[in-house]
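What follows is the content of query_6.cif (mmCIF, C-alpha atoms and all ligand atoms).
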data_work
#
loop_
_atom_site.label_atom_id
_atom_site.label_comp_id
_atom_site.auth_asym_id
_atom_site.auth_seq_id
_atom_site.Cartn_x
_atom_site.Cartn_y
_atom_site.Cartn_z
CA MET A 1235 -10.49 -10.61 -11.61
CA ALA A 1236 -8.18 -13.29 -13.03
CA LEU A 1237 -4.60 -12.04 -12.83
CA ASP A 1238 -3.08 -13.85 -15.78
CA GLY A 1239 -1.66 -11.24 -18.19
CA LYS A 1240 -2.86 -8.31 -16.08
CA VAL A 1241 -0.55 -5.36 -15.37
CA ALA A 1242 0.05 -4.21 -11.79
CA VAL A 1243 1.93 -1.28 -10.27
CA VAL A 1244 3.19 -1.51 -6.67
CA THR A 1245 4.63 1.52 -4.83
CA GLY A 1246 7.13 0.88 -2.05
CA ALA A 1247 7.83 -2.41 -3.84
CA ALA A 1248 11.51 -2.79 -3.00
CA MET A 1249 11.04 -4.09 0.54
CA GLY A 1250 8.60 -5.33 3.17
CA ILE A 1251 4.90 -5.59 2.36
CA GLY A 1252 5.32 -4.12 -1.14
CA LYS A 1253 7.88 -6.78 -2.03
CA ALA A 1254 5.48 -9.53 -0.87
CA MET A 1255 2.63 -7.92 -2.85
CA THR A 1256 4.84 -7.90 -5.94
CA GLU A 1257 5.70 -11.57 -5.48
CA ILE A 1258 2.12 -12.76 -5.02
CA LEU A 1259 0.97 -10.81 -8.09
CA LEU A 1260 3.78 -12.36 -10.17
CA GLN A 1261 3.01 -15.84 -8.82
CA ASN A 1262 -0.56 -15.41 -10.04
CA GLY A 1263 0.44 -14.43 -13.57
CA ALA A 1264 0.46 -10.61 -13.51
CA LYS A 1265 3.21 -8.38 -14.84
CA VAL A 1266 4.43 -5.96 -12.20
CA ALA A 1267 6.05 -2.52 -12.30
CA LEU A 1268 7.96 -1.98 -9.05
CA LEU A 1269 8.11 1.68 -7.97
CA ASP A 1270 10.36 2.75 -5.12
CA PHE A 1271 12.79 5.54 -4.24
CA ASN A 1272 15.29 2.98 -2.93
CA GLU A 1273 17.09 2.28 -6.20
CA THR A 1274 19.65 -0.13 -4.74
CA ALA A 1275 17.08 -2.40 -3.10
CA GLY A 1276 14.71 -2.09 -6.08
CA LYS A 1277 17.30 -3.04 -8.70
CA SER A 1278 18.59 -5.94 -6.63
CA LEU A 1279 15.04 -7.30 -6.19
CA LEU A 1280 14.34 -6.81 -9.90
CA GLU A 1281 17.36 -8.92 -10.82
CA ALA A 1282 16.15 -11.77 -8.59
CA LEU A 1283 12.57 -11.54 -9.89
CA LYS A 1284 13.69 -11.59 -13.54
CA LYS A 1285 15.60 -14.83 -12.88
CA GLN A 1286 12.56 -16.38 -11.23
CA TYR A 1287 9.69 -15.11 -13.40
CA GLY A 1288 11.34 -14.20 -16.74
CA GLN A 1289 12.74 -11.03 -18.30
CA GLU A 1290 9.44 -9.63 -19.56
CA LYS A 1291 7.37 -9.82 -16.39
CA THR A 1292 8.84 -7.05 -14.28
CA LEU A 1293 10.10 -3.51 -14.43
CA PHE A 1294 11.73 -1.34 -11.77
CA LEU A 1295 11.22 2.41 -11.88
CA THR A 1296 12.93 4.77 -9.46
CA CYS A 1297 10.07 6.87 -8.16
CA ASP A 1298 9.47 9.04 -5.11
CA ILE A 1299 5.72 9.13 -4.70
CA GLU A 1300 6.03 12.62 -3.19
CA SER A 1301 6.88 13.76 -6.73
CA GLU A 1302 3.97 14.27 -9.13
CA GLU A 1303 6.40 14.36 -12.06
CA GLN A 1304 8.16 11.09 -11.14
CA THR A 1305 4.92 9.25 -10.38
CA LYS A 1306 3.30 10.44 -13.61
CA ALA A 1307 6.37 9.38 -15.61
CA ALA A 1308 6.49 5.96 -13.91
CA LEU A 1309 2.85 5.19 -14.75
CA GLN A 1310 3.34 6.37 -18.34
CA THR A 1311 6.41 4.12 -18.71
CA THR A 1312 4.49 1.18 -17.23
CA ARG A 1313 1.69 1.67 -19.74
CA GLU A 1314 4.11 2.02 -22.67
CA THR A 1315 6.05 -1.10 -21.59
CA PHE A 1316 3.20 -3.42 -20.63
CA GLY A 1317 0.30 -1.94 -22.66
CA GLY A 1318 -1.94 -0.69 -19.82
CA ILE A 1319 -2.53 -0.69 -16.08
CA ASP A 1320 -5.13 -2.98 -14.43
CA ILE A 1321 -4.06 -3.02 -10.78
CA MET A 1322 -2.59 -0.15 -8.73
CA CYS A 1323 -1.24 -0.83 -5.22
CA ASN A 1324 -0.54 2.42 -3.35
CA ASN A 1325 1.56 0.88 -0.60
CA ALA A 1326 4.61 3.10 0.07
CA GLY A 1327 4.62 4.57 3.55
CA ILE A 1328 6.82 5.70 6.42
CA LEU A 1329 6.49 6.13 10.16
CA ASN A 1330 8.23 9.21 11.56
CA GLU A 1331 6.56 11.43 14.12
CA SER A 1332 9.48 13.92 14.08
CA THR A 1333 9.28 14.70 10.36
CA TRP A 1334 5.51 14.67 10.61
CA GLU A 1335 4.79 16.74 7.50
CA LYS A 1336 6.71 14.16 5.45
CA THR A 1337 4.68 11.37 7.06
CA VAL A 1338 1.46 13.04 5.88
CA SER A 1339 2.99 13.84 2.50
CA ILE A 1340 4.05 10.25 1.77
CA ASN A 1341 1.35 8.26 3.56
CA LEU A 1342 -1.72 10.30 2.62
CA MET A 1343 -0.81 12.66 -0.21
CA GLY A 1344 1.22 9.90 -1.91
CA VAL A 1345 -1.80 7.57 -1.86
CA ILE A 1346 -4.09 10.29 -3.22
CA ARG A 1347 -1.53 11.14 -5.93
CA GLY A 1348 -1.07 7.48 -6.90
CA THR A 1349 -4.84 6.95 -7.03
CA TYR A 1350 -5.59 10.04 -9.13
CA LEU A 1351 -2.76 9.38 -11.59
CA ALA A 1352 -3.74 5.70 -11.91
CA LEU A 1353 -7.37 6.71 -12.57
CA GLU A 1354 -6.19 8.75 -15.56
CA HIS A 1355 -4.89 5.52 -17.14
CA MET A 1356 -7.49 3.07 -15.83
CA SER A 1357 -10.87 4.85 -15.77
CA LYS A 1358 -13.35 3.76 -18.41
CA LEU A 1359 -14.33 7.44 -18.66
CA ASN A 1360 -10.82 8.13 -20.05
CA GLY A 1361 -10.83 5.16 -22.43
CA GLY A 1362 -9.13 2.85 -19.90
CA GLN A 1363 -10.04 -0.78 -19.23
CA GLY A 1364 -11.09 -0.36 -15.57
CA GLY A 1365 -9.48 -2.48 -12.87
CA VAL A 1366 -8.76 -2.33 -9.17
CA ILE A 1367 -6.85 -0.02 -6.82
CA ILE A 1368 -5.70 -1.19 -3.39
CA ASN A 1369 -4.37 1.30 -0.85
CA THR A 1370 -2.34 0.26 2.18
CA ALA A 1371 -3.50 1.93 5.39
CA SER A 1372 -3.09 0.16 8.75
CA MET A 1373 -5.12 -0.79 11.78
CA ALA A 1374 -3.97 2.66 12.85
CA GLY A 1375 -6.40 3.85 10.18
CA LEU A 1376 -9.25 2.38 12.23
CA GLY A 1377 -8.20 3.26 15.78
CA PRO A 1378 -5.54 5.23 17.63
CA LEU A 1379 -1.87 4.26 17.95
CA PRO A 1380 -0.99 6.64 20.83
CA SER A 1381 2.76 6.71 20.11
CA CYS A 1382 2.05 7.80 16.52
CA PRO A 1383 -0.66 10.49 16.30
CA VAL A 1384 0.37 11.77 12.87
CA TYR A 1385 0.88 8.27 11.44
CA THR A 1386 -2.60 7.47 12.84
CA ALA A 1387 -4.04 10.59 11.19
CA SER A 1388 -2.42 9.79 7.85
CA LYS A 1389 -3.84 6.25 7.90
CA HIS A 1390 -7.34 7.40 8.94
CA GLY A 1391 -7.04 9.73 5.93
CA VAL A 1392 -6.22 6.81 3.65
CA VAL A 1393 -9.26 4.86 4.89
CA GLY A 1394 -11.59 7.85 4.45
CA PHE A 1395 -10.18 8.79 1.05
CA THR A 1396 -10.44 5.21 -0.22
CA ARG A 1397 -14.04 4.74 0.88
CA ALA A 1398 -15.11 8.05 -0.65
CA ILE A 1399 -13.29 7.63 -3.97
CA ALA A 1400 -14.64 4.07 -4.21
CA ALA A 1401 -18.17 5.41 -3.86
CA ALA A 1402 -17.39 8.11 -6.45
CA SER A 1403 -15.96 5.51 -8.83
CA SER A 1404 -19.11 3.45 -8.52
CA ALA A 1405 -21.45 6.44 -8.93
CA LEU A 1406 -19.57 7.90 -11.90
CA GLY A 1407 -18.88 4.63 -13.76
CA TYR A 1408 -15.06 4.57 -13.67
CA GLY A 1409 -15.18 0.75 -13.80
CA ILE A 1410 -12.64 0.59 -10.99
CA ARG A 1411 -12.96 -1.04 -7.58
CA ILE A 1412 -11.01 0.67 -4.81
CA ASN A 1413 -10.28 -0.96 -1.43
CA VAL A 1414 -8.02 -0.41 1.58
CA LEU A 1415 -5.91 -2.88 3.55
CA CYS A 1416 -5.62 -2.33 7.31
CA PRO A 1417 -2.98 -4.69 8.76
CA GLY A 1418 -1.89 -4.83 12.39
CA PHE A 1419 1.84 -5.00 13.19
CA VAL A 1420 3.90 -6.60 10.42
CA GLN A 1421 7.50 -7.82 10.62
CA THR A 1422 9.27 -5.31 8.34
CA ASP A 1423 11.91 -2.58 8.57
CA LEU A 1424 9.16 -0.06 9.30
CA PHE A 1425 8.18 -2.00 12.41
CA SER A 1426 11.79 -2.38 13.58
CA ASN A 1427 13.97 0.58 14.63
CA ILE A 1428 10.86 2.46 15.68
CA PRO A 1429 11.70 4.23 18.97
CA ALA A 1430 14.03 6.68 17.20
CA ARG A 1431 11.18 7.72 14.91
CA LEU A 1432 8.59 8.40 17.60
CA GLY A 1433 9.98 11.88 18.42
CA LYS A 1434 8.30 13.40 21.47
CA PHE A 1435 6.26 10.19 21.92
CA SER A 1436 9.31 7.96 22.42
CA LEU A 1437 8.23 7.52 26.06
CA LEU A 1438 5.35 5.46 24.66
CA ALA A 1439 7.66 3.06 22.82
CA ASP A 1440 7.46 0.39 25.52
CA ALA A 1441 3.67 0.58 25.65
CA THR A 1442 3.55 0.18 21.85
CA LYS A 1443 5.94 -2.75 22.03
CA LYS A 1444 3.64 -4.40 24.60
CA MET A 1445 0.65 -3.71 22.34
CA ALA A 1446 2.48 -5.35 19.43
CA GLU A 1447 3.39 -8.38 21.56
CA LYS A 1448 -0.24 -8.75 22.68
CA MET A 1449 -1.63 -8.39 19.16
CA GLU A 1450 1.18 -10.55 17.71
CA THR A 1451 2.80 -9.77 14.40
CA LEU A 1452 1.91 -10.68 10.84
CA SER A 1453 4.28 -11.91 8.15
CA VAL A 1454 4.39 -9.94 4.90
CA SER A 1455 3.00 -12.94 3.03
CA GLU A 1456 -0.12 -13.00 5.23
CA VAL A 1457 -0.77 -9.38 4.22
CA ALA A 1458 -0.10 -10.18 0.55
CA GLU A 1459 -2.70 -13.00 0.66
CA CYS A 1460 -5.27 -10.40 1.74
CA LEU A 1461 -4.23 -8.06 -1.06
CA LEU A 1462 -4.87 -10.93 -3.48
CA GLU A 1463 -8.35 -11.47 -2.03
CA LEU A 1464 -9.22 -7.79 -2.58
CA VAL A 1465 -7.84 -7.88 -6.13
CA VAL A 1466 -9.61 -11.02 -7.34
CA ASP A 1467 -12.99 -10.68 -5.61
CA GLU A 1468 -15.12 -8.61 -8.02
CA MET A 1469 -17.67 -7.95 -5.24
CA LYS A 1470 -15.25 -5.93 -3.16
CA ASN A 1471 -15.45 -2.15 -3.56
CA GLY A 1472 -14.99 0.49 -0.84
CA GLU A 1473 -13.97 -2.19 1.65
CA ALA A 1474 -11.60 -1.66 4.57
CA PHE A 1475 -10.04 -5.07 5.22
CA MET A 1476 -8.61 -5.45 8.73
CA VAL A 1477 -5.87 -8.07 8.91
CA LEU A 1478 -4.64 -9.55 12.20
CA PRO A 1479 -2.67 -12.75 12.83
CA LYS A 1480 -5.71 -14.71 13.93
CA SER A 1481 -8.54 -12.84 12.28
CA LYS A 1482 -9.49 -11.04 9.12
CA LYS A 1483 -12.51 -8.81 8.95
CA TYR A 1484 -14.29 -6.48 6.51
CA MET A 1485 -15.07 -3.43 8.63
CA THR A 1486 -18.56 -2.03 9.00
CA PHE A 1487 -19.09 1.70 9.43
CA PRO A 1488 -22.10 3.83 10.37
CA VAL A 1489 -24.49 4.32 7.45
CA LEU A 1490 -24.85 8.09 7.12
CA LEU A 1491 -27.30 8.41 4.22
N1 LIG A 1501 5.06 -2.84 9.12
C1 LIG A 1501 3.92 -2.66 9.75
O1 LIG A 1501 3.75 -3.01 10.93
C2 LIG A 1501 2.77 -2.04 9.02
C3 LIG A 1501 2.92 -1.32 7.86
N2 LIG A 1501 1.82 -0.76 7.26
C4 LIG A 1501 1.96 0.01 6.03
O2 LIG A 1501 2.41 -0.81 5.00
C5 LIG A 1501 3.11 -0.04 4.03
C6 LIG A 1501 4.45 -0.70 3.75
O3 LIG A 1501 5.18 -0.69 4.96
P1 LIG A 1501 6.36 -1.71 5.28
O4 LIG A 1501 6.51 -2.70 4.19
O5 LIG A 1501 6.16 -2.16 6.65
O6 LIG A 1501 7.58 -0.69 5.27
P2 LIG A 1501 9.09 -0.88 4.77
O7 LIG A 1501 9.81 0.28 5.36
O8 LIG A 1501 9.57 -2.24 5.01
O9 LIG A 1501 8.95 -0.67 3.19
C7 LIG A 1501 8.47 0.52 2.68
C8 LIG A 1501 8.94 0.68 1.25
O10 LIG A 1501 8.38 1.90 0.76
C9 LIG A 1501 9.42 2.66 0.15
N3 LIG A 1501 9.10 4.09 0.25
C10 LIG A 1501 8.96 4.84 1.37
N4 LIG A 1501 8.70 6.11 1.03
C11 LIG A 1501 8.65 6.15 -0.32
C12 LIG A 1501 8.41 7.20 -1.26
N5 LIG A 1501 8.23 8.47 -0.89
N6 LIG A 1501 8.42 6.89 -2.57
C13 LIG A 1501 8.64 5.62 -2.98
N7 LIG A 1501 8.91 4.60 -2.15
C14 LIG A 1501 8.90 4.87 -0.83
C15 LIG A 1501 10.69 2.28 0.92
O11 LIG A 1501 11.86 2.55 0.17
C16 LIG A 1501 10.46 0.78 1.15
O12 LIG A 1501 10.92 0.02 0.07
C17 LIG A 1501 3.22 1.36 4.61
O13 LIG A 1501 2.22 2.18 4.05
C18 LIG A 1501 2.97 1.14 6.09
O14 LIG A 1501 2.46 2.28 6.73
C19 LIG A 1501 0.56 -0.94 7.74
C20 LIG A 1501 0.37 -1.66 8.87
C21 LIG A 1501 1.43 -2.22 9.62
C1 LIG A 1502 -6.92 0.01 16.96
C2 LIG A 1502 -5.61 0.36 17.54
C3 LIG A 1502 -4.55 0.67 16.54
C4 LIG A 1502 -3.54 -0.40 16.51
C5 LIG A 1502 -2.55 -0.20 15.41
C6 LIG A 1502 -1.90 -1.48 15.14
C7 LIG A 1502 -0.86 -1.65 14.33
C8 LIG A 1502 -0.31 -0.69 13.44
C9 LIG A 1502 0.95 -0.83 12.96
C10 LIG A 1502 1.49 0.07 12.01
O1 LIG A 1502 0.80 0.53 11.11
C11 LIG A 1502 2.89 0.47 12.09
C12 LIG A 1502 3.89 -0.41 12.71
C13 LIG A 1502 4.50 -0.12 13.87
C14 LIG A 1502 4.00 0.86 14.83
C15 LIG A 1502 4.94 1.56 15.69
C16 LIG A 1502 5.67 1.14 16.69
C17 LIG A 1502 6.00 -0.23 17.02
C18 LIG A 1502 7.05 -0.25 18.10
C19 LIG A 1502 7.55 -1.63 18.35
C20 LIG A 1502 8.82 -1.63 19.15
O2 LIG A 1502 9.19 -0.61 19.71
O3 LIG A 1502 9.45 -2.67 19.18
#
Could you rewrite the structure in this file as structure tokens?
Amino acid sequence: MALDGKVAVVTGAAMGIGKAMTEILLQNGAKVALLDFNETAGKSLLEALKKQYGQEKTLFLTCDIESEEQTKAALQTTRETFGGIDIMCNNAGILNESTWEKTVSINLMGVIRGTYLALEHMSKLNGGQGGVIINTASMAGLGPLPSCPVYTASKHGVVGFTRAIAAASSALGYGIRINVLCPGFVQTDLFSNIPARLGKFSLLADATKKMAEKMETLSVSEVAECLLELVVDEMKNGEAFMVLPKSKKYMTFPVLL
């Protein structure tokens, strides 16, 4: 898919990986609606992006993806402003093993909500133009991160949901490719200040830190490059793309049928 003139939505766009996704989409000619519940960071980023890419290329919408009403309204406003939605990046996520229900609600339910609401605008069965949806999981969606069992569960959920909805999209003719990104450790706020968010698993913080040192960390722009690959490559549907500092790999899974 060529990005010039296409319309993208990025959740969790104000900081970290979402910010880098927003930037790479803009650099390649897309218009981007930035959704985030951090209004201060979102508006400040919007101001900078408007200076760099022009007034008409971006939009910031305060949106908590836990809220069906806010997410629905944000996608509607994006469509009314830019004329449609071609690319949906369900990226917002948290890591907090103490408030574990919220971790599931944002990381898994938020991705499902964002996908279903985007399909209403994008699916060819609803008169949409088709397009591509990219969900952000983690390498913890492919294997266990012992200090973060609920985060791990939420990310395994994102991988499973994405692969199944991608197969459904293909079988039902939605005209939408749906893929999932699975990065290792990335230098962002989520990665820093972690021990306080591990709850009863804080004793495993040192072991996790050692794991991160051994695996080495990614920059946000390395992850954004992989997002771009999944967006532009028309052959990619239902893929789980593992991203590590020295290797990238499309995962293979057991064939069940
Ligand atoms: N940093 C890392 O090591 C890795 C992160 N990931 C995933 O990447 C995604 C982005 O994470 P980072 O950029 O690292 O985190 P971050 O904390 O730097 O940025 C997350 C952004 O999402 C927003 N956000 C959080 N909850 C939200 C909600 N309910 N509604 C709207 N916006 C919300 C925050 O305000 C923030 O702007 C997450 O899904 C995370 O699980 C995956 C692998 C590794
Ligand atoms: C296959 C094994 C799973 C490996 C998971 C790898 C990376 C996942 C990263 C994330 O999704 C989230 C980022 C941080 C994890 C949590 C703790 C890091 C603690 C670092 C520290 O204490 O300094």
For this session: Check every protein, DNA and RNA residue against ligand LIG 1501 (chain A), keep those with an atom at most 6 Å away (counting all atoms listed in the file), and present them as a PyMOL selection string.
Result: chain A and resi 1245-1252+1270-1272+1297-1300+1325-1328+1340+1370-1372+1417-1425
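Picture a line from atom CA of Met1485 of chain A to atom CA of Lys1470 of chain A; it runs 12.1 Å.
With all atoms listed in the file as the atoms that count, the residue of A:Glu1303, A:Glu1314, A:Glu1281, A:Asp1320 with the shortest distance to Lys1265 of chain A is A:Asp1320.
Each residue with an atom within 6 Å of any atom of ligand LIG 1502 (chain A) appears in the list, which was built counting only C-alpha atoms and all ligand atoms: Ser1372, Met1373, Ala1374, Leu1376, Gly1377, Pro1378, Leu1379, Gly1418, Phe1419, Phe1425, Ile1428, Pro1429, Ala1439, Thr1442 and Lys1443 of chain A.
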Exercise. Near Val1244 of chain A, within 12 Å and counting only C-alpha atoms, which residues show up once chain neighbours fewer than 4 positions away are dropped, as an MDAnalysis selection string?
Worked result: chainID A and resid 1248:1260 1264:1270 1276 1292:1297 1299 1305 1308:1309 1312 1319:1327 1345 1348:1349 1352 1367:1370 1458 1461
For this session: Could you jot down the atom CA of Gly1394 of chain A to atom CA of Lys1480 of chain A separation for me, Å, one decimal place?
Result: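 Distance reported for this atom pair: 25.2 Å.
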Problem set entry | Ser1339 of chain A environment, 12 Å, all atoms listed in the file, sequence neighbours closer than 2 positions dropped, as a PyMOL selection string | chain A and resi 1298-1302+1326-1330+1333-1337+1341-1347+1384-1385+1387-1389+1391-1392
Take the residues from that selection and write them out as a PDB file, keeping the file's coordinate frame, keeping C-alpha atoms.
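File written: result-v9.pdb
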ATOM      1  CA  ASP A1298       9.470   9.040  -5.110  1.00  0.00           C
ATOM      2  CA  ILE A1299       5.720   9.130  -4.700  1.00  0.00           C
ATOM      3  CA  GLU A1300       6.030  12.620  -3.190  1.00  0.00           C
ATOM      4  CA  SER A1301       6.880  13.760  -6.730  1.00  0.00           C
ATOM      5  CA  GLU A1302       3.970  14.270  -9.130  1.00  0.00           C
ATOM      6  CA  ALA A1326       4.610   3.100   0.070  1.00  0.00           C
ATOM      7  CA  GLY A1327       4.620   4.570   3.550  1.00  0.00           C
ATOM      8  CA  ILE A1328       6.820   5.700   6.420  1.00  0.00           C
ATOM      9  CA  LEU A1329       6.490   6.130  10.160  1.00  0.00           C
ATOM     10  CA  ASN A1330       8.230   9.210  11.560  1.00  0.00           C
ATOM     11  CA  THR A1333       9.280  14.700  10.360  1.00  0.00           C
ATOM     12  CA  TRP A1334       5.510  14.670  10.610  1.00  0.00           C
ATOM     13  CA  GLU A1335       4.790  16.740   7.500  1.00  0.00           C
ATOM     14  CA  LYS A1336       6.710  14.160   5.450  1.00  0.00           C
ATOM     15  CA  THR A1337       4.680  11.370   7.060  1.00  0.00           C
ATOM     16  CA  ASN A1341       1.350   8.260   3.560  1.00  0.00           C
ATOM     17  CA  LEU A1342      -1.720  10.300   2.620  1.00  0.00           C
ATOM     18  CA  MET A1343      -0.810  12.660  -0.210  1.00  0.00           C
ATOM     19  CA  GLY A1344       1.220   9.900  -1.910  1.00  0.00           C
ATOM     20  CA  VAL A1345      -1.800   7.570  -1.860  1.00  0.00           C
ATOM     21  CA  ILE A1346      -4.090  10.290  -3.220  1.00  0.00           C
ATOM     22  CA  ARG A1347      -1.530  11.140  -5.930  1.00  0.00           C
ATOM     23  CA  VAL A1384       0.370  11.770  12.870  1.00  0.00           C
ATOM     24  CA  TYR A1385       0.880   8.270  11.440  1.00  0.00           C
ATOM     25  CA  ALA A1387      -4.040  10.590  11.190  1.00  0.00           C
ATOM     26  CA  SER A1388      -2.420   9.790   7.850  1.00  0.00           C
ATOM     27  CA  LYS A1389      -3.840   6.250   7.900  1.00  0.00           C
ATOM     28  CA  GLY A1391      -7.040   9.730   5.930  1.00  0.00           C
ATOM     29  CA  VAL A1392      -6.220   6.810   3.650  1.00  0.00           C
TER      30      VAL A1392
END
Exercise. Looking at all atoms listed in the file, which of A:Val1414, A:Met1356, A:Leu1464, A:Leu1438 is the one that sits closest to Pro1383 of chain A?
Worked result: A:Leu1438
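Among the candidate residues A:Leu1280, A:Cys1460, A:Val1466, A:Met1476, the one lying nearest to Lys1240 of chain A is A:Val1466, with distances computed using all atoms listed in the file.
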Problem set entry | A:Tyr1408, A:Tyr1287, A:Phe1435, A:Phe1475 ranked by distance to Leu1359 of chain A, top pick (using only C-alpha atoms) |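 Closest residue, counting only C-alpha atoms: A:Tyr1408.
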Seminar exercise, completed: With distances taken over only C-alpha atoms, the candidate from A:Leu1491, A:Val1465, A:Cys1416, A:Leu1279 nearest Leu1478 of chain A is A:Cys1416
Problem set entry | Exercise: segment 1401-1404 of chain A partners within 9 Å, only C-alpha atoms, chain neighbours under 6 positions left out, as a PyMOL selection string | chain A and resi 1357+1410-1412+1471-1472
Problem set entry | Computed interatomic separation between atom CA of Met1445 of chain A and atom CA of Leu1415 of chain A (Å) |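 Between these atoms lies a distance of 19.9 Å.
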Any chance you could turn segment 1431-1450 of chain A into a file with N, CA and C atoms, as a PDB file, in the first residue's frame?
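Once written, selection_7.pdb looks like this:
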ATOM      1  N   ARG A1431       5.798  -1.186  39.161  1.00  0.00           N
ATOM      2  CA  ARG A1431       4.559  -1.667  38.531  1.00  0.00           C
ATOM      3  C   ARG A1431       4.483  -3.195  38.466  1.00  0.00           C
ATOM      4  N   LEU A1432       5.466  -3.862  39.073  1.00  0.00           N
ATOM      5  CA  LEU A1432       5.457  -5.329  38.996  1.00  0.00           C
ATOM      6  C   LEU A1432       4.658  -5.966  40.120  1.00  0.00           C
ATOM      7  N   GLY A1433       4.230  -5.159  41.121  1.00  0.00           N
ATOM      8  CA  GLY A1433       3.415  -5.686  42.217  1.00  0.00           C
ATOM      9  C   GLY A1433       4.114  -6.828  42.932  1.00  0.00           C
ATOM     10  N   LYS A1434       3.423  -7.938  43.104  1.00  0.00           N
ATOM     11  CA  LYS A1434       3.983  -9.061  43.876  1.00  0.00           C
ATOM     12  C   LYS A1434       5.148  -9.750  43.157  1.00  0.00           C
ATOM     13  N   PHE A1435       5.424  -9.345  41.928  1.00  0.00           N
ATOM     14  CA  PHE A1435       6.544  -9.943  41.181  1.00  0.00           C
ATOM     15  C   PHE A1435       7.774  -9.037  41.151  1.00  0.00           C
ATOM     16  N   SER A1436       7.768  -8.013  42.038  1.00  0.00           N
ATOM     17  CA  SER A1436       8.887  -7.058  42.020  1.00  0.00           C
ATOM     18  C   SER A1436      10.222  -7.740  42.350  1.00  0.00           C
ATOM     19  N   LEU A1437      10.157  -8.902  43.016  1.00  0.00           N
ATOM     20  CA  LEU A1437      11.399  -9.646  43.302  1.00  0.00           C
ATOM     21  C   LEU A1437      12.052 -10.145  42.002  1.00  0.00           C
ATOM     22  N   LEU A1438      11.279 -10.160  40.939  1.00  0.00           N
ATOM     23  CA  LEU A1438      11.828 -10.615  39.649  1.00  0.00           C
ATOM     24  C   LEU A1438      12.341  -9.459  38.791  1.00  0.00           C
ATOM     25  N   ALA A1439      12.340  -8.257  39.364  1.00  0.00           N
ATOM     26  CA  ALA A1439      12.759  -7.084  38.578  1.00  0.00           C
ATOM     27  C   ALA A1439      14.202  -7.224  38.095  1.00  0.00           C
ATOM     28  N   ASP A1440      15.087  -7.684  38.975  1.00  0.00           N
ATOM     29  CA  ASP A1440      16.494  -7.799  38.580  1.00  0.00           C
ATOM     30  C   ASP A1440      16.679  -8.817  37.457  1.00  0.00           C
ATOM     31  N   ALA A1441      15.955  -9.935  37.583  1.00  0.00           N
ATOM     32  CA  ALA A1441      16.054 -10.969  36.540  1.00  0.00           C
ATOM     33  C   ALA A1441      15.566 -10.410  35.200  1.00  0.00           C
ATOM     34  N   THR A1442      14.510  -9.590  35.256  1.00  0.00           N
ATOM     35  CA  THR A1442      13.978  -9.013  34.006  1.00  0.00           C
ATOM     36  C   THR A1442      14.975  -8.022  33.424  1.00  0.00           C
ATOM     37  N   LYS A1443      15.586  -7.254  34.336  1.00  0.00           N
ATOM     38  CA  LYS A1443      16.589  -6.284  33.887  1.00  0.00           C
ATOM     39  C   LYS A1443      17.745  -7.000  33.180  1.00  0.00           C
ATOM     40  N   LYS A1444      18.158  -8.137  33.759  1.00  0.00           N
ATOM     41  CA  LYS A1444      19.249  -8.928  33.145  1.00  0.00           C
ATOM     42  C   LYS A1444      18.804  -9.465  31.781  1.00  0.00           C
ATOM     43  N   MET A1445      17.534  -9.896  31.714  1.00  0.00           N
ATOM     44  CA  MET A1445      17.001 -10.404  30.438  1.00  0.00           C
ATOM     45  C   MET A1445      17.044  -9.294  29.385  1.00  0.00           C
ATOM     46  N   ALA A1446      16.647  -8.090  29.810  1.00  0.00           N
ATOM     47  CA  ALA A1446      16.632  -6.948  28.875  1.00  0.00           C
ATOM     48  C   ALA A1446      18.051  -6.604  28.422  1.00  0.00           C
ATOM     49  N   GLU A1447      19.000  -6.681  29.356  1.00  0.00           N
ATOM     50  CA  GLU A1447      20.401  -6.372  28.995  1.00  0.00           C
ATOM     51  C   GLU A1447      20.925  -7.393  27.992  1.00  0.00           C
ATOM     52  N   LYS A1448      20.563  -8.671  28.224  1.00  0.00           N
ATOM     53  CA  LYS A1448      21.027  -9.745  27.337  1.00  0.00           C
ATOM     54  C   LYS A1448      20.395  -9.601  25.941  1.00  0.00           C
ATOM     55  N   MET A1449      19.099  -9.299  25.925  1.00  0.00           N
ATOM     56  CA  MET A1449      18.410  -9.185  24.627  1.00  0.00           C
ATOM     57  C   MET A1449      18.744  -7.867  23.927  1.00  0.00           C
ATOM     58  N   GLU A1450      19.197  -6.895  24.694  1.00  0.00           N
ATOM     59  CA  GLU A1450      19.453  -5.524  24.217  1.00  0.00           C
ATOM     60  C   GLU A1450      18.134  -4.833  23.851  1.00  0.00           C
TER      61      GLU A1450
END
